[in-house]
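**Student:** The structure file start-v6.cif (mmCIF, C-alpha atoms and all ligand atoms) is provided below.
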```cif
data_coords
#
loop_
_atom_site.label_atom_id
_atom_site.label_comp_id
_atom_site.auth_asym_id
_atom_site.auth_seq_id
_atom_site.Cartn_x
_atom_site.Cartn_y
_atom_site.Cartn_z
CA MET A 1314 9.58 22.68 8.90
CA LEU A 1315 11.27 19.66 7.32
CA THR A 1316 12.39 16.71 9.42
CA SER A 1317 16.02 17.25 10.27
CA ILE A 1318 18.79 15.56 8.30
CA ALA A 1319 21.02 15.96 11.38
CA GLY A 1320 23.49 13.11 11.70
CA SER A 1321 23.07 12.01 8.08
CA SER A 1322 26.16 11.28 6.04
CA VAL A 1323 26.22 13.26 2.80
CA ILE A 1324 28.69 13.25 -0.06
CA VAL A 1325 28.85 16.41 -2.16
CA THR A 1326 30.91 16.24 -5.35
CA GLY A 1327 32.35 19.53 -6.54
CA ALA A 1328 32.14 20.90 -2.99
CA SER A 1329 35.15 23.23 -3.12
CA LYS A 1330 33.40 26.02 -5.04
CA GLY A 1331 30.11 27.34 -6.31
CA ILE A 1332 26.88 25.39 -5.99
CA GLY A 1333 28.56 22.37 -4.40
CA ARG A 1334 30.09 24.56 -1.72
CA GLY A 1335 26.64 26.05 -1.06
CA ILE A 1336 25.08 22.59 -0.79
CA ALA A 1337 27.85 21.48 1.60
CA ARG A 1338 27.30 24.61 3.73
CA VAL A 1339 23.51 24.24 3.94
CA PHE A 1340 23.68 20.50 4.67
CA ALA A 1341 26.37 21.05 7.35
CA LYS A 1342 24.27 23.84 8.89
CA ASN A 1343 21.44 21.32 9.13
CA GLY A 1344 23.65 18.88 11.04
CA ALA A 1345 24.78 16.51 8.29
CA ARG A 1346 28.26 14.99 8.22
CA VAL A 1347 29.76 16.17 4.93
CA LEU A 1348 32.35 14.55 2.70
CA GLY A 1349 33.33 17.27 0.24
CA VAL A 1350 34.93 16.10 -3.01
CA ALA A 1351 36.90 17.99 -5.67
CA ARG A 1352 40.05 17.37 -7.71
CA ASN A 1353 42.09 20.15 -6.10
CA PRO A 1354 42.93 18.87 -2.60
CA GLY A 1355 43.80 22.31 -1.15
CA ALA A 1356 40.54 23.89 -2.30
CA ALA A 1357 38.47 20.95 -1.04
CA GLU A 1358 40.20 21.06 2.33
CA ALA A 1359 39.73 24.85 2.59
CA ALA A 1360 35.97 24.50 1.99
CA MET A 1361 35.62 21.70 4.53
CA SER A 1362 37.74 23.44 7.19
CA GLU A 1363 35.40 26.44 6.86
CA LEU A 1364 32.55 24.08 7.79
CA ARG A 1365 34.48 22.52 10.67
CA ALA A 1366 35.07 26.02 12.05
CA THR A 1367 31.29 26.30 12.50
CA GLY A 1368 31.24 23.06 14.53
CA ALA A 1369 30.19 20.79 11.67
CA MET A 1370 31.67 17.38 10.93
CA ALA A 1371 33.21 17.73 7.49
CA SER A 1372 36.14 16.21 5.68
CA ALA A 1373 37.66 16.61 2.25
CA LEU A 1374 38.66 14.12 -0.42
CA ALA A 1375 40.58 14.79 -3.62
CA ALA A 1376 38.95 12.73 -6.36
CA ASP A 1377 37.92 12.98 -10.02
CA VAL A 1378 34.30 12.03 -10.68
CA GLY A 1379 35.29 10.80 -14.15
CA ASN A 1380 37.55 8.15 -12.61
CA TRP A 1381 35.95 4.91 -11.39
CA THR A 1382 38.72 4.06 -8.91
CA ASP A 1383 38.44 7.54 -7.40
CA MET A 1384 34.68 7.16 -7.02
CA GLN A 1385 35.08 3.83 -5.24
CA ARG A 1386 37.63 5.51 -2.96
CA MET A 1387 35.10 8.29 -2.32
CA ALA A 1388 32.38 5.86 -1.20
CA GLU A 1389 34.84 3.98 1.02
CA ALA A 1390 35.97 7.24 2.63
CA ALA A 1391 32.38 8.20 3.51
CA VAL A 1392 31.76 4.78 5.05
CA GLU A 1393 35.01 4.83 7.05
CA ARG A 1394 34.85 8.45 8.18
CA HIS A 1395 31.12 9.04 8.54
CA GLY A 1396 29.65 5.57 9.12
CA GLY A 1397 27.94 5.09 5.74
CA ILE A 1398 26.16 7.11 3.08
CA ASP A 1399 22.63 8.53 3.40
CA ILE A 1400 22.70 11.22 0.73
CA LEU A 1401 24.72 11.79 -2.43
CA CYS A 1402 24.67 15.18 -4.13
CA ALA A 1403 26.17 14.58 -7.57
CA ASN A 1404 27.03 18.17 -8.39
CA ALA A 1405 30.52 18.28 -9.95
CA GLY A 1406 30.43 19.67 -13.45
CA ILE A 1407 32.31 21.77 -15.98
CA TYR A 1408 31.13 24.12 -18.72
CA PRO A 1409 33.91 25.19 -21.09
CA ALA A 1410 32.21 27.12 -23.90
CA ALA A 1411 32.90 26.16 -27.54
CA LYS A 1412 30.69 26.78 -30.56
CA LEU A 1413 30.24 23.85 -32.95
CA ASP A 1414 32.99 24.99 -35.35
CA ASP A 1415 35.50 25.03 -32.50
CA LEU A 1416 34.12 22.16 -30.45
CA THR A 1417 36.73 19.39 -30.61
CA PRO A 1418 36.01 15.70 -30.05
CA GLU A 1419 38.35 15.90 -27.04
CA CYS A 1420 36.35 18.76 -25.46
CA TRP A 1421 33.09 16.86 -26.11
CA ASP A 1422 34.53 13.78 -24.41
CA GLU A 1423 35.82 15.76 -21.42
CA VAL A 1424 32.47 17.46 -20.75
CA LEU A 1425 30.50 14.22 -21.16
CA SER A 1426 33.04 12.36 -19.03
CA VAL A 1427 32.82 14.75 -16.06
CA ASN A 1428 29.17 15.78 -16.25
CA LEU A 1429 27.40 12.63 -17.41
CA LYS A 1430 29.70 9.66 -16.86
CA GLY A 1431 30.90 11.30 -13.62
CA THR A 1432 27.31 11.46 -12.36
CA PHE A 1433 26.84 7.76 -13.18
CA LEU A 1434 30.17 6.72 -11.58
CA ALA A 1435 29.55 8.68 -8.37
CA ILE A 1436 26.08 7.14 -8.04
CA LYS A 1437 27.21 3.60 -8.90
CA ALA A 1438 30.04 3.75 -6.35
CA CYS A 1439 27.65 4.86 -3.57
CA LEU A 1440 24.89 2.33 -4.26
CA PRO A 1441 26.18 -0.54 -2.06
CA ALA A 1442 26.45 1.76 0.97
CA LEU A 1443 23.11 3.46 0.24
CA LYS A 1444 21.37 0.07 -0.07
CA ARG A 1445 22.85 -1.11 3.24
CA LYS A 1446 21.13 1.86 4.94
CA GLY A 1447 17.72 0.67 3.70
CA LYS A 1448 16.87 4.11 2.32
CA GLY A 1449 18.73 6.85 0.58
CA ARG A 1450 18.64 10.09 -1.35
CA ILE A 1451 20.45 11.03 -4.54
CA VAL A 1452 20.26 14.61 -5.79
CA VAL A 1453 21.73 15.32 -9.21
CA VAL A 1454 22.63 18.86 -10.22
CA SER A 1455 21.53 19.24 -13.84
CA SER A 1456 20.71 22.60 -15.48
CA ILE A 1457 18.05 24.40 -17.48
CA THR A 1458 20.64 24.49 -20.30
CA GLY A 1459 20.04 21.39 -22.38
CA PRO A 1460 16.84 20.00 -20.86
CA ILE A 1461 14.86 23.24 -21.48
CA THR A 1462 17.00 25.97 -23.04
CA GLY A 1463 19.92 26.32 -25.43
CA TYR A 1464 22.83 28.74 -25.54
CA PRO A 1465 25.50 29.08 -28.26
CA GLY A 1466 28.72 27.42 -27.11
CA TRP A 1467 27.08 24.85 -24.88
CA ALA A 1468 25.78 22.11 -27.17
CA HIS A 1469 28.07 19.54 -25.49
CA TYR A 1470 27.22 20.84 -22.02
CA GLY A 1471 23.48 20.85 -22.80
CA ALA A 1472 23.70 17.28 -24.04
CA SER A 1473 25.40 16.22 -20.81
CA LYS A 1474 22.80 17.97 -18.63
CA ALA A 1475 19.85 16.55 -20.60
CA GLY A 1476 21.54 13.14 -20.42
CA GLN A 1477 21.52 13.30 -16.63
CA LEU A 1478 17.72 13.58 -16.69
CA GLY A 1479 17.36 10.60 -19.01
CA PHE A 1480 19.56 8.67 -16.61
CA ILE A 1481 17.61 9.48 -13.42
CA ARG A 1482 14.26 8.37 -14.84
CA THR A 1483 15.35 4.77 -15.26
CA ALA A 1484 17.60 4.84 -12.20
CA ALA A 1485 14.57 5.95 -10.12
CA ILE A 1486 12.68 2.80 -11.11
CA GLU A 1487 15.67 0.53 -10.42
CA LEU A 1488 16.35 2.14 -7.02
CA ALA A 1489 12.75 2.33 -5.80
CA PRO A 1490 12.78 -1.21 -4.31
CA TYR A 1491 15.58 -0.03 -1.99
CA SER A 1492 13.68 3.13 -0.93
CA ILE A 1493 16.38 5.18 -2.60
CA THR A 1494 15.05 8.24 -4.41
CA ILE A 1495 16.87 10.11 -7.14
CA ASN A 1496 15.85 13.58 -8.29
CA ALA A 1497 17.48 16.48 -10.08
CA VAL A 1498 17.68 20.19 -9.45
CA MET A 1499 17.88 22.35 -12.57
CA PRO A 1500 19.54 25.67 -11.80
CA GLY A 1501 19.31 28.68 -14.07
CA ASN A 1502 22.15 31.19 -13.83
CA ILE A 1503 23.63 30.92 -10.35
CA LYS A 1504 26.32 33.28 -9.11
CA THR A 1505 29.38 31.05 -8.74
CA GLU A 1506 33.11 31.32 -9.34
CA GLY A 1507 32.61 29.28 -12.51
CA LEU A 1508 29.97 31.70 -13.82
CA ASP A 1509 32.01 34.76 -12.78
CA GLY A 1510 34.56 33.59 -15.31
CA LEU A 1511 32.07 34.38 -18.10
CA GLY A 1512 32.48 38.13 -17.43
CA ALA A 1513 30.48 41.08 -16.04
CA ASP A 1514 28.71 41.75 -19.35
CA TYR A 1515 27.33 38.19 -19.49
CA LEU A 1516 26.20 38.36 -15.84
CA GLU A 1517 24.45 41.73 -16.31
CA LYS A 1518 22.61 40.71 -19.47
CA MET A 1519 21.63 37.40 -17.94
CA ALA A 1520 20.19 39.09 -14.81
CA ALA A 1521 18.14 41.41 -17.05
CA SER A 1522 16.55 38.39 -18.78
CA ILE A 1523 15.35 36.84 -15.50
CA PRO A 1524 11.87 37.84 -14.23
CA LEU A 1525 13.15 38.02 -10.62
CA LYS A 1526 15.94 40.28 -11.99
CA ARG A 1527 18.84 38.63 -10.24
CA LEU A 1528 21.07 35.63 -10.64
CA GLY A 1529 20.41 32.81 -8.21
CA SER A 1530 22.51 32.24 -5.11
CA ILE A 1531 24.23 28.98 -4.27
CA GLU A 1532 21.87 28.73 -1.27
CA ASP A 1533 18.83 28.96 -3.59
CA VAL A 1534 19.96 25.69 -5.18
CA ALA A 1535 21.12 24.14 -1.90
CA HIS A 1536 17.70 24.57 -0.28
CA ALA A 1537 16.03 22.74 -3.16
CA ALA A 1538 18.58 19.92 -2.78
CA LEU A 1539 17.87 19.87 0.96
CA PHE A 1540 14.17 19.39 0.24
CA PHE A 1541 14.84 16.40 -2.04
CA ALA A 1542 17.09 14.95 0.70
CA SER A 1543 14.43 15.31 3.40
CA ASP A 1544 12.11 12.63 4.79
CA GLU A 1545 9.19 14.69 3.51
CA ALA A 1546 10.36 14.11 -0.09
CA ALA A 1547 10.29 10.31 0.36
CA TYR A 1548 7.50 9.86 -2.23
CA ILE A 1549 9.16 11.96 -4.93
CA THR A 1550 11.53 10.20 -7.31
CA GLY A 1551 12.71 10.62 -10.88
CA GLN A 1552 11.59 14.26 -10.81
CA THR A 1553 13.13 17.63 -11.52
CA LEU A 1554 12.90 21.07 -9.94
CA VAL A 1555 13.82 24.25 -11.81
CA ILE A 1556 15.50 26.96 -9.70
CA ASP A 1557 15.88 29.89 -12.07
CA GLY A 1558 13.97 33.00 -10.89
CA GLY A 1559 11.53 32.41 -13.75
CA GLN A 1560 14.23 32.53 -16.42
CA VAL A 1561 12.64 29.92 -18.69
CA LEU A 1562 9.19 31.58 -18.66
CA PRO A 1563 9.25 34.65 -20.98
CA GLU A 1564 8.06 33.85 -24.50
CA SER A 1565 9.96 36.87 -25.81
CA LEU A 1566 11.84 39.97 -24.60
CA MET A 1567 8.49 41.83 -24.71
CA ALA A 1568 7.21 39.64 -21.90
CA LEU A 1569 9.75 41.28 -19.62
CA GLU A 1570 8.90 44.90 -20.51
P1 LIG A 1601 32.19 25.77 -10.26
O1 LIG A 1601 31.99 27.00 -9.46
O2 LIG A 1601 33.14 25.82 -11.42
O3 LIG A 1601 32.60 24.58 -9.29
C1 LIG A 1601 32.76 23.29 -9.82
C2 LIG A 1601 33.13 22.32 -8.72
O4 LIG A 1601 33.23 21.01 -9.27
C3 LIG A 1601 34.48 22.63 -8.10
O5 LIG A 1601 34.49 22.22 -6.75
C4 LIG A 1601 35.43 21.76 -8.90
O6 LIG A 1601 36.64 21.52 -8.18
C5 LIG A 1601 34.55 20.50 -9.05
N1 LIG A 1601 34.91 19.65 -10.17
C6 LIG A 1601 35.02 19.97 -11.50
N2 LIG A 1601 35.38 18.90 -12.22
C7 LIG A 1601 35.49 17.87 -11.33
C8 LIG A 1601 35.84 16.50 -11.47
N3 LIG A 1601 36.18 15.95 -12.67
N4 LIG A 1601 35.84 15.72 -10.36
C9 LIG A 1601 35.53 16.24 -9.15
N5 LIG A 1601 35.19 17.52 -8.96
C10 LIG A 1601 35.18 18.32 -10.05
O7 LIG A 1601 30.81 25.25 -10.87
P2 LIG A 1601 29.29 25.60 -10.49
O8 LIG A 1601 28.88 26.76 -11.30
O9 LIG A 1601 29.11 25.61 -9.03
O10 LIG A 1601 28.55 24.31 -11.11
C11 LIG A 1601 28.29 23.17 -10.30
C12 LIG A 1601 27.23 22.32 -10.98
O11 LIG A 1601 26.07 23.11 -11.19
C13 LIG A 1601 27.65 21.80 -12.36
O12 LIG A 1601 27.16 20.50 -12.53
C14 LIG A 1601 26.96 22.75 -13.31
O13 LIG A 1601 26.69 22.15 -14.54
C15 LIG A 1601 25.71 23.06 -12.54
N6 LIG A 1601 25.06 24.31 -12.93
C16 LIG A 1601 25.65 25.51 -12.67
C17 LIG A 1601 24.99 26.67 -13.02
C18 LIG A 1601 25.54 28.02 -12.71
O14 LIG A 1601 24.92 29.00 -13.10
N7 LIG A 1601 26.64 28.16 -12.03
C19 LIG A 1601 23.75 26.60 -13.67
C20 LIG A 1601 23.19 25.36 -13.96
C21 LIG A 1601 23.86 24.22 -13.56
P3 LIG A 1601 38.00 21.02 -8.92
O15 LIG A 1601 38.14 21.87 -10.14
O16 LIG A 1601 39.08 21.19 -7.90
O17 LIG A 1601 37.78 19.59 -9.25
#
```
The structure given in the file should be rewritten as structure tokens.
**Tutor:**
Amino acid sequence: MLTSIAGSSVIVTGASKGIGRGIARVFAKNGARVLGVARNPGAAEAAMSELRATGAMASALAADVGNWTDMQRMAEAAVERHGGIDILCANAGIYPAAKLDDLTPECWDEVLSVNLKGTFLAIKACLPALKRKGKGRIVVVSSITGPITGYPGWAHYGASKAGQLGFIRTAAIELAPYSITINAVMPGNIKTEGLDGLGADYLEKMAASIPLKRLGSIEDVAHAALFFASDEAAYITGQTLVIDGGQVLPESLMALE
């Protein structure tokens, strides 16, 4: 059993839905104080009130990870409400599909701004408070798409997710003197509201291509994030963990027959 994170202050970006909501739930269940961030204030509050109903300490903040002022506000809120920051889960992300012919410069900028710059801004804003604690944990939610795999329509998304991994490797070296670790989880296809939007046909075909024959759950990802946030993971930094039911393994369709 991992040493408890009870009493730790965690920020989860993109906590109103999907993987972020799962991370917030699992961290709250393990006794952490959760600041859940999303742009839609009603949705963020609904997710956090669900956690409070279970006895957890959780509060919501409406903020855009692509906006520096918002990210500074986010860090201040965690310090004021929860006494500092121990863990940041930089999860917020978007994945609007567009093949190269249709991919506009504006769509490219939006995806890079939320997924890559947003990861950087959230981390940068939290660093002063993390350093004051004398140790800290940053968990970035990347993806298999980009770093390992490709999928038509997601060149911009894949670039943003691979960019996150380039970022953490240097950040890990810079943050090591402060005993702050930074690692990334790389989910495969996880059943979320965002993924549901891609349609039943996509979900069925995707499940068939996964050796474990199911899409991942938000808890599957959250438990990996919890491990990176634990005391036991103190000597792991700049690393990645794939959570995909074996999706990246088959060399061809025949491997699954
Ligand atoms: P989701 O269900 O669409 O939820 C996205 C969350 O992020 C929502 O809470 C959303 O709330 C928030 N968000 C989006 N843009 C934001 C912004 N600019 N500032 C603050 N919050 C923002 O997505 P998901 O599927 O859980 O994906 C979460 C993360 O996992 C993403 O980084 C994604 O790339 C990654 N991932 C997902 C999968 C998958 O299969 N689902 C696989 C690999 C990686 P608001 O819209 O109210 O802001």
**Student:** Find the nearest atom pair between each residue of chain A and ligand LIG 1601 (chain A) for residues within 7 Å, count only C-alpha atoms and all ligand atoms, give distances in Å to one decimal, sort rows by chain and ascending number, and present the table as a Markdown table.
**Tutor:**
```
| residue | atom | partner | partner_atom | distance |
| --- | --- | --- | --- | --- |
| A:Thr1326 | CA | A:LIG1601 | N5 | 5.7 |
| A:Gly1327 | CA | A:LIG1601 | O4 | 3.2 |
| A:Ala1328 | CA | A:LIG1601 | O5 | 4.6 |
| A:Ser1329 | CA | A:LIG1601 | O5 | 3.8 |
| A:Lys1330 | CA | A:LIG1601 | O5 | 4.3 |
| A:Gly1331 | CA | A:LIG1601 | O9 | 3.4 |
| A:Ile1332 | CA | A:LIG1601 | O9 | 3.8 |
| A:Gly1333 | CA | A:LIG1601 | O9 | 5.7 |
| A:Val1350 | CA | A:LIG1601 | N5 | 6.1 |
| A:Ala1351 | CA | A:LIG1601 | N5 | 3.7 |
| A:Arg1352 | CA | A:LIG1601 | O17 | 3.5 |
| A:Asn1353 | CA | A:LIG1601 | O16 | 3.7 |
| A:Pro1354 | CA | A:LIG1601 | O16 | 6.9 |
| A:Ala1356 | CA | A:LIG1601 | O16 | 6.4 |
| A:Ala1357 | CA | A:LIG1601 | O16 | 6.9 |
| A:Ala1376 | CA | A:LIG1601 | C9 | 5.6 |
| A:Asp1377 | CA | A:LIG1601 | N4 | 3.5 |
| A:Val1378 | CA | A:LIG1601 | N4 | 4.0 |
| A:Gly1379 | CA | A:LIG1601 | N3 | 5.4 |
| A:Asn1404 | CA | A:LIG1601 | O12 | 4.8 |
| A:Ala1405 | CA | A:LIG1601 | O4 | 3.9 |
| A:Gly1406 | CA | A:LIG1601 | O12 | 3.5 |
| A:Ile1407 | CA | A:LIG1601 | C6 | 5.5 |
| A:Tyr1408 | CA | A:LIG1601 | O13 | 6.4 |
| A:Val1427 | CA | A:LIG1601 | N3 | 4.9 |
| A:Asn1428 | CA | A:LIG1601 | O12 | 6.3 |
| A:Val1454 | CA | A:LIG1601 | O12 | 5.3 |
| A:Ser1455 | CA | A:LIG1601 | C21 | 5.5 |
| A:Ser1456 | CA | A:LIG1601 | C20 | 4.0 |
| A:Ile1457 | CA | A:LIG1601 | C20 | 6.3 |
| A:Thr1458 | CA | A:LIG1601 | C20 | 6.9 |
| A:Met1499 | CA | A:LIG1601 | C20 | 6.3 |
| A:Pro1500 | CA | A:LIG1601 | C20 | 4.3 |
| A:Gly1501 | CA | A:LIG1601 | C19 | 4.9 |
| A:Asn1502 | CA | A:LIG1601 | O14 | 3.6 |
| A:Ile1503 | CA | A:LIG1601 | O14 | 3.6 |
| A:Lys1504 | CA | A:LIG1601 | N7 | 5.9 |
| A:Thr1505 | CA | A:LIG1601 | O1 | 4.9 |
| A:Glu1506 | CA | A:LIG1601 | O1 | 4.5 |
| A:Gly1507 | CA | A:LIG1601 | O2 | 3.7 |
| A:Leu1508 | CA | A:LIG1601 | N7 | 5.2 |
```
**Student:** Quick one, how far is CA of Trp1381 in chain A from CA of Leu1440 in chain A?
**Tutor:**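 Interatomic distance here is 13.4 Å.
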**Student:** Which residues of range 1452-1485 of chain A have any atom within 12 Å of an atom in range 1541-1550 of chain A when counting all atoms listed in the file, and what is the closest pair of atoms for each, with the distance in Å to one decimal? Order the rows by chain and rising number and write it as a tab-separated table.
**Tutor:**
```
residue	atom	partner	partner_atom	distance
A:Val1452	CA	A:Phe1541	CA	6.8
A:Val1453	CA	A:Phe1541	CA	10.0
A:Val1454	CA	A:Phe1541	CA	11.6
A:Leu1478	CA	A:Thr1550	CA	11.7
A:Ile1481	CA	A:Thr1550	CA	8.6
A:Arg1482	CA	A:Thr1550	CA	8.2
A:Thr1483	CA	A:Thr1550	CA	10.4
A:Ala1484	CA	A:Thr1550	CA	9.5
A:Ala1485	CA	A:Thr1550	CA	5.9
```
**Student:** Identify which of the residues A:Lys1437, A:Arg1450, A:Lys1430, A:Arg1346 lies closest to Ala1388 in chain A, counting all atoms listed in the file when measuring atom-to-atom distances.
**Tutor:** A:Lys1437
**Student:** Please indicate the distance in Å from CA of Phe1433 in chain A to CA of Arg1338 in chain A, rounded to one decimal place.
**Tutor:**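 Value for the CA of Phe1433 in chain A-CA of Arg1338 in chain A distance: 23.9 Å.
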**Student:** Given all atoms listed in the file as the basis, pick out the residue of A:Val1392, A:Ala1489, A:Ala1410, A:Val1555 nearest to Arg1445 in chain A.
**Tutor:**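 Looking at the shortest contact to Arg1445 in chain A, the residue is A:Val1392.
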**Student:** For Met1519 in chain A, which residue out of A:Ala1538, A:Ala1568, A:His1469, A:Tyr1464 is the nearest one, using all atoms listed in the file?
**Tutor:**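 Closest to Met1519 in chain A of all the choices is A:Tyr1464.
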**Student:** For Met1361 in chain A, please output as an mmCIF file with C-alpha atoms, in the coordinates of the input all residues within 10 Å (counting only C-alpha atoms; exclusion window: fewer than 6 positions along the same chain).
**Tutor:**
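Once written, selection.cif looks like this:
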```cif
data_model
loop_
_atom_site.group_PDB
_atom_site.id
_atom_site.type_symbol
_atom_site.label_atom_id
_atom_site.label_comp_id
_atom_site.auth_asym_id
_atom_site.auth_seq_id
_atom_site.Cartn_x
_atom_site.Cartn_y
_atom_site.Cartn_z
ATOM 1 C CA ALA A 1328 32.140 20.900 -2.990
ATOM 2 C CA SER A 1329 35.150 23.230 -3.120
ATOM 3 C CA ARG A 1334 30.090 24.560 -1.720
ATOM 4 C CA ALA A 1337 27.850 21.480 1.600
ATOM 5 C CA ARG A 1338 27.300 24.610 3.730
ATOM 6 C CA ALA A 1341 26.370 21.050 7.350
ATOM 7 C CA VAL A 1347 29.760 16.170 4.930
ATOM 8 C CA LEU A 1348 32.350 14.550 2.700
ATOM 9 C CA GLY A 1349 33.330 17.270 0.240
ATOM 10 C CA VAL A 1350 34.930 16.100 -3.010
ATOM 11 C CA GLY A 1355 43.800 22.310 -1.150
ATOM 12 C CA ALA A 1369 30.190 20.790 11.670
ATOM 13 C CA MET A 1370 31.670 17.380 10.930
ATOM 14 C CA ALA A 1371 33.210 17.730 7.490
ATOM 15 C CA SER A 1372 36.140 16.210 5.680
ATOM 16 C CA ALA A 1373 37.660 16.610 2.250
ATOM 17 C CA LEU A 1374 38.660 14.120 -0.420
#
```
**Student:** Could you tell me how far CA of Ser1473 in chain A sits from CA of Met1387 in chain A, in Å to one decimal place?
**Tutor:**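 Taking CA of Met1387 in chain A and CA of Ser1473 in chain A, their separation equals 22.3 Å.
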**Student:** Will you model N, CA, C and O atoms for range 1359-1375 of chain A and pass it back as a short mmCIF file (atom, residue, chain, number, x, y, z; two decimals), in the coordinates of the input?
**Tutor:**
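As a result, out.cif now contains:
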```
data_model
loop_
_atom_site.label_atom_id
_atom_site.label_comp_id
_atom_site.auth_asym_id
_atom_site.auth_seq_id
_atom_site.Cartn_x
_atom_site.Cartn_y
_atom_site.Cartn_z
N ALA A 1359 40.08 23.49 2.12
CA ALA A 1359 39.73 24.85 2.59
C ALA A 1359 38.22 24.96 2.81
O ALA A 1359 37.75 25.52 3.81
N ALA A 1360 37.44 24.42 1.87
CA ALA A 1360 35.97 24.50 1.99
C ALA A 1360 35.49 23.71 3.20
O ALA A 1360 34.59 24.16 3.93
N MET A 1361 36.08 22.54 3.42
CA MET A 1361 35.62 21.70 4.53
C MET A 1361 36.09 22.27 5.87
O MET A 1361 35.39 22.17 6.88
N SER A 1362 37.28 22.88 5.91
CA SER A 1362 37.74 23.44 7.19
C SER A 1362 36.87 24.63 7.58
O SER A 1362 36.63 24.89 8.76
N GLU A 1363 36.35 25.35 6.57
CA GLU A 1363 35.40 26.44 6.86
C GLU A 1363 34.17 25.87 7.57
O GLU A 1363 33.64 26.47 8.52
N LEU A 1364 33.72 24.70 7.15
CA LEU A 1364 32.55 24.08 7.79
C LEU A 1364 32.89 23.60 9.20
O LEU A 1364 32.09 23.76 10.13
N ARG A 1365 34.08 23.00 9.34
CA ARG A 1365 34.48 22.52 10.67
C ARG A 1365 34.55 23.67 11.67
O ARG A 1365 34.23 23.51 12.84
N ALA A 1366 34.96 24.84 11.17
CA ALA A 1366 35.07 26.02 12.05
C ALA A 1366 33.71 26.43 12.62
O ALA A 1366 33.64 27.12 13.64
N THR A 1367 32.63 25.99 11.98
CA THR A 1367 31.29 26.30 12.50
C THR A 1367 30.77 25.18 13.41
O THR A 1367 29.61 25.19 13.83
N GLY A 1368 31.62 24.17 13.65
CA GLY A 1368 31.24 23.06 14.53
C GLY A 1368 30.73 21.85 13.79
O GLY A 1368 30.36 20.83 14.40
N ALA A 1369 30.70 21.93 12.45
CA ALA A 1369 30.19 20.79 11.67
C ALA A 1369 31.23 19.69 11.54
O ALA A 1369 32.43 19.93 11.70
N MET A 1370 30.75 18.46 11.25
CA MET A 1370 31.67 17.38 10.93
C MET A 1370 31.81 17.37 9.41
O MET A 1370 30.82 17.14 8.70
N ALA A 1371 33.01 17.65 8.94
CA ALA A 1371 33.21 17.73 7.49
C ALA A 1371 34.63 17.34 7.16
O ALA A 1371 35.56 17.72 7.86
N SER A 1372 34.79 16.55 6.11
CA SER A 1372 36.14 16.21 5.68
C SER A 1372 36.22 16.24 4.16
O SER A 1372 35.21 16.11 3.46
N ALA A 1373 37.44 16.42 3.69
CA ALA A 1373 37.66 16.61 2.25
C ALA A 1373 38.28 15.38 1.62
O ALA A 1373 38.98 14.61 2.28
N LEU A 1374 38.01 15.20 0.33
CA LEU A 1374 38.66 14.12 -0.42
C LEU A 1374 38.96 14.63 -1.83
O LEU A 1374 38.08 15.19 -2.49
N ALA A 1375 40.21 14.43 -2.25
CA ALA A 1375 40.58 14.79 -3.62
C ALA A 1375 40.24 13.62 -4.52
O ALA A 1375 40.76 12.51 -4.33
#
```
